[in-house]
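> Please find one structure pasted underneath; my questions will follow.
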Amino acid sequence: FVIGADIAETLRNLSRRLTTHTNHPLIILTMRSPLPLAILDQRTTNIIQTAMIRLYDQDTGLMNLSKFGEADEFKQNGLFIVLERANFLRTIVEIITENTPNLAALNLSGNKLNFLEMLRPLTAKCSSLKAIDLSKNRVCLTLYTD
């Protein structure tokens with residue numbers, strides 16, 4: 001297991017260039033693996049909440065969760081947090097609605113989000129919310145007109 005497509009490609013380029021101890025060419029195959037299993041227990045939820053507190057500016061009402069999975073709290077605790085997973089995004093929304101009802105703006109850029117359905121409770125519970133930055137995500141919006 002290696003992390004990063006560049007490392008995998010380097011290994012793949014070595015295929016048939018290396019030989020085994022019996023002088024047979026070593027064939028190296030690579031493939032993408034699915035995201036690791038993500039367990040959301042109370043400890044993980046507390047660490048997520050700690051990161052969110054640090055990233056919230058009470059004076060402006062802005063919460064910057066841009067590239068949220070790269071937060072220092074997660075790296076220090078060996079956690080792999082991916083907001084494209086429904087359980088993580090649902091937890092984020094619950095923490096926001098319970099603790100920061102005066103949220104004015106939310107930056108979710110660069111989180112590989114696919115769907116926005118999990119964000120629906122924000123509109124009902126955070127009446128001060130004026131803007132959500134969804135740039136650099138995978139969100140596909142479909143607009144219907146009459």
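Naming scheme: A, B, ... for chains in displayed order of the structure tokens; residues 1 onward per chain; ligands 1 onward as shown.
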Any idea what's packed within 7 Å of region 99-116 of chain A, counting only C-alpha atoms, ignoring anything in its chain fewer than 5 positions away? Could you give it as a ChimeraX atom specification?

/A:61-68,83-84,125-126,128-139

> Just the residues within 7 Å of Leu29 (chain A), please, counting only C-alpha atoms, with nothing from its chain fewer than 2 positions along; format it as a list in words.

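Here the answer would be Arg12, Ile27 and Met31 of chain A.
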
> Would you kindly return, as a list in words, each protein, DNA or RNA residue with an atom no farther than 8 Å from any atom of Val93 (chain A), considering only C-alpha atoms and excluding same-chain residues fewer than 2 positions away?

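Near Val93 (chain A), the qualifying residues are Leu89, Arg90, Thr91, Ile95, Ile96, Thr97, Met118, Leu119, Pro121 and Leu122 of chain A.
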
> Using all heavy atoms, can you write the selected residues to a file as a PDB file, in the first residue's frame?


ATOM      1  N   LEU A  89     -20.041  14.451   7.057  1.00  0.00           N
ATOM      2  CA  LEU A  89     -20.711  15.703   6.734  1.00  0.00           C
ATOM      3  C   LEU A  89     -21.931  15.903   7.636  1.00  0.00           C
ATOM      4  O   LEU A  89     -22.188  17.017   8.098  1.00  0.00           O
ATOM      5  CB  LEU A  89     -21.107  15.738   5.260  1.00  0.00           C
ATOM      6  CG  LEU A  89     -21.634  17.070   4.742  1.00  0.00           C
ATOM      7  CD1 LEU A  89     -20.645  18.203   4.998  1.00  0.00           C
ATOM      8  CD2 LEU A  89     -21.959  16.974   3.264  1.00  0.00           C
ATOM      9  N   ARG A  90     -22.661  14.831   7.912  1.00  0.00           N
ATOM     10  CA  ARG A  90     -23.817  14.927   8.810  1.00  0.00           C
ATOM     11  C   ARG A  90     -23.375  15.386  10.201  1.00  0.00           C
ATOM     12  O   ARG A  90     -24.015  16.234  10.820  1.00  0.00           O
ATOM     13  CB  ARG A  90     -24.516  13.573   8.912  1.00  0.00           C
ATOM     14  CG  ARG A  90     -25.804  13.608   9.713  1.00  0.00           C
ATOM     15  CD  ARG A  90     -26.506  12.254   9.772  1.00  0.00           C
ATOM     16  NE  ARG A  90     -26.678  11.649   8.459  1.00  0.00           N
ATOM     17  CZ  ARG A  90     -26.057  10.523   8.066  1.00  0.00           C
ATOM     18  NH1 ARG A  90     -25.244   9.889   8.862  1.00  0.00           N
ATOM     19  NH2 ARG A  90     -26.278  10.038   6.867  1.00  0.00           N
ATOM     20  N   THR A  91     -22.257  14.856  10.687  1.00  0.00           N
ATOM     21  CA  THR A  91     -21.734  15.254  11.994  1.00  0.00           C
ATOM     22  C   THR A  91     -21.328  16.722  11.993  1.00  0.00           C
ATOM     23  O   THR A  91     -21.611  17.452  12.947  1.00  0.00           O
ATOM     24  CB  THR A  91     -20.531  14.369  12.379  1.00  0.00           C
ATOM     25  OG1 THR A  91     -20.981  13.013  12.441  1.00  0.00           O
ATOM     26  CG2 THR A  91     -19.943  14.780  13.707  1.00  0.00           C
ATOM     27  N   ILE A  95     -22.955  19.587  14.427  1.00  0.00           N
ATOM     28  CA  ILE A  95     -22.136  20.426  15.308  1.00  0.00           C
ATOM     29  C   ILE A  95     -22.408  21.905  15.030  1.00  0.00           C
ATOM     30  O   ILE A  95     -22.552  22.703  15.957  1.00  0.00           O
ATOM     31  CB  ILE A  95     -20.634  20.087  15.155  1.00  0.00           C
ATOM     32  CG1 ILE A  95     -20.351  18.698  15.724  1.00  0.00           C
ATOM     33  CG2 ILE A  95     -19.757  21.136  15.842  1.00  0.00           C
ATOM     34  CD1 ILE A  95     -18.963  18.161  15.415  1.00  0.00           C
ATOM     35  N   ILE A  96     -22.501  22.265  13.762  1.00  0.00           N
ATOM     36  CA  ILE A  96     -22.772  23.656  13.405  1.00  0.00           C
ATOM     37  C   ILE A  96     -24.137  24.089  13.920  1.00  0.00           C
ATOM     38  O   ILE A  96     -24.266  25.128  14.562  1.00  0.00           O
ATOM     39  CB  ILE A  96     -22.683  23.868  11.878  1.00  0.00           C
ATOM     40  CG1 ILE A  96     -21.232  23.753  11.402  1.00  0.00           C
ATOM     41  CG2 ILE A  96     -23.261  25.229  11.478  1.00  0.00           C
ATOM     42  CD1 ILE A  96     -21.069  23.730   9.903  1.00  0.00           C
ATOM     43  N   THR A  97     -25.171  23.298  13.655  1.00  0.00           N
ATOM     44  CA  THR A  97     -26.525  23.706  14.039  1.00  0.00           C
ATOM     45  C   THR A  97     -26.705  23.759  15.551  1.00  0.00           C
ATOM     46  O   THR A  97     -27.469  24.577  16.052  1.00  0.00           O
ATOM     47  CB  THR A  97     -27.589  22.781  13.413  1.00  0.00           C
ATOM     48  OG1 THR A  97     -27.324  21.434  13.806  1.00  0.00           O
ATOM     49  CG2 THR A  97     -27.586  22.903  11.901  1.00  0.00           C
ATOM     50  N   MET A 118     -27.073  16.894   2.588  1.00  0.00           N
ATOM     51  CA  MET A 118     -26.726  16.901   4.011  1.00  0.00           C
ATOM     52  C   MET A 118     -26.663  18.322   4.578  1.00  0.00           C
ATOM     53  O   MET A 118     -26.708  18.503   5.792  1.00  0.00           O
ATOM     54  CB  MET A 118     -25.373  16.230   4.248  1.00  0.00           C
ATOM     55  CG  MET A 118     -25.345  14.785   3.923  1.00  0.00           C
ATOM     56  SD  MET A 118     -26.332  13.893   5.096  1.00  0.00           S
ATOM     57  CE  MET A 118     -26.281  12.283   4.388  1.00  0.00           C
ATOM     58  N   LEU A 119     -26.554  19.325   3.718  1.00  0.00           N
ATOM     59  CA  LEU A 119     -26.454  20.707   4.182  1.00  0.00           C
ATOM     60  C   LEU A 119     -27.829  21.349   4.429  1.00  0.00           C
ATOM     61  O   LEU A 119     -27.910  22.445   4.972  1.00  0.00           O
ATOM     62  CB  LEU A 119     -25.676  21.553   3.171  1.00  0.00           C
ATOM     63  CG  LEU A 119     -24.257  21.101   2.866  1.00  0.00           C
ATOM     64  CD1 LEU A 119     -23.642  21.992   1.792  1.00  0.00           C
ATOM     65  CD2 LEU A 119     -23.407  21.103   4.114  1.00  0.00           C
ATOM     66  N   PRO A 121     -30.216  21.023   6.679  1.00  0.00           N
ATOM     67  CA  PRO A 121     -30.552  21.532   8.021  1.00  0.00           C
ATOM     68  C   PRO A 121     -29.957  22.905   8.331  1.00  0.00           C
ATOM     69  O   PRO A 121     -30.482  23.612   9.192  1.00  0.00           O
ATOM     70  CB  PRO A 121     -29.976  20.469   8.957  1.00  0.00           C
ATOM     71  CG  PRO A 121     -29.926  19.226   8.141  1.00  0.00           C
ATOM     72  CD  PRO A 121     -29.633  19.687   6.747  1.00  0.00           C
ATOM     73  N   LEU A 122     -28.896  23.289   7.636  1.00  0.00           N
ATOM     74  CA  LEU A 122     -28.291  24.596   7.884  1.00  0.00           C
ATOM     75  C   LEU A 122     -29.264  25.728   7.550  1.00  0.00           C
ATOM     76  O   LEU A 122     -29.289  26.751   8.233  1.00  0.00           O
ATOM     77  CB  LEU A 122     -27.011  24.767   7.067  1.00  0.00           C
ATOM     78  CG  LEU A 122     -25.836  23.878   7.450  1.00  0.00           C
ATOM     79  CD1 LEU A 122     -24.685  24.091   6.476  1.00  0.00           C
ATOM     80  CD2 LEU A 122     -25.391  24.137   8.868  1.00  0.00           C
TER      81      LEU A 122
END

> When you draw a straight line from CA of Gly4 (chain A) to CA of Pro34 (chain A), how long is it in Å?

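Computing the Euclidean distance for CA of Gly4 (chain A) and CA of Pro34 (chain A) yields 12.8 Å.
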
> What parts of region 19-69 of chain A does DSSP call strand (DSSP E)? I'd like the answer as an NGL selection string.

:A and (56-57 or 62-64)

> Output the selection as a CSV table (one decimal), in the first residue's frame - all heavy atoms for each residue.


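Wrote it out as out.csv, contents follow:
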chain,number,residue,atom,x,y,z
A,56,TYR,N,-13.5,28.6,13.5
A,56,TYR,CA,-14.6,29.5,13.5
A,56,TYR,C,-14.2,30.8,14.1
A,56,TYR,O,-13.7,30.9,15.2
A,56,TYR,CB,-15.8,28.9,14.4
A,56,TYR,CG,-17.0,29.7,14.5
A,56,TYR,CD1,-17.7,30.1,13.4
A,56,TYR,CD2,-17.4,30.2,15.7
A,56,TYR,CE1,-18.8,30.9,13.5
A,56,TYR,CE2,-18.6,31.0,15.8
A,56,TYR,CZ,-19.3,31.3,14.7
A,56,TYR,OH,-20.4,32.1,14.8
A,57,ASP,N,-14.5,31.9,13.4
A,57,ASP,CA,-14.3,33.2,13.8
A,57,ASP,C,-15.6,33.8,14.3
A,57,ASP,O,-16.5,34.2,13.5
A,57,ASP,CB,-13.7,34.1,12.7
A,57,ASP,CG,-13.3,35.5,13.1
A,57,ASP,OD1,-13.7,35.9,14.2
A,57,ASP,OD2,-12.7,36.2,12.2
A,62,LEU,N,-17.7,33.6,10.4
A,62,LEU,CA,-17.2,32.7,9.3
A,62,LEU,C,-16.6,31.5,9.9
A,62,LEU,O,-15.7,31.5,10.8
A,62,LEU,CB,-16.1,33.5,8.5
A,62,LEU,CG,-15.3,32.7,7.5
A,62,LEU,CD1,-16.3,32.2,6.4
A,62,LEU,CD2,-14.2,33.4,6.9
A,63,MET,N,-16.9,30.3,9.3
A,63,MET,CA,-16.3,29.1,9.6
A,63,MET,C,-15.6,28.6,8.4
A,63,MET,O,-16.2,28.4,7.4
A,63,MET,CB,-17.3,28.0,10.1
A,63,MET,CG,-16.6,26.7,10.6
A,63,MET,SD,-17.7,25.5,11.3
A,63,MET,CE,-18.1,26.4,12.8
A,64,ASN,N,-14.3,28.5,8.4
A,64,ASN,CA,-13.5,28.1,7.3
A,64,ASN,C,-13.1,26.6,7.4
A,64,ASN,O,-12.1,26.2,8.0
A,64,ASN,CB,-12.2,28.9,7.2
A,64,ASN,CG,-11.4,28.6,5.9
A,64,ASN,OD1,-11.8,27.8,5.1
A,64,ASN,ND2,-10.3,29.3,5.8

> From a DSSP calculation on the backbone, collect every residue of chain A in helix (DSSP H, G or I) and output the set as a PyMOL selection string.

chain A and resi 5-13+42-54+68-70+72-76+86-99+117-125

> Which residue, A:Asn87, A:Thr60, A:Thr45, A:Thr19, has the smallest gap to Phe74 (chain A) when you use only C-alpha atoms?

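Checking each candidate against Phe74 (chain A), we get A:Thr45 as the closest.
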
> For the atom pair CA of Glu73 (chain A) and CA of Thr50 (chain A), what is the interatomic distance in Å to one decimal place?

7.8 Å

> Can you tell me, as a PyMOL selection string, what residues are no more than 9 Å from region 78-81 of chain A when counting only C-alpha atoms, ignoring any on the same chain fewer than 4 positions away?

chain A and resi 36+38+44+48+68-70+73-74+85+88
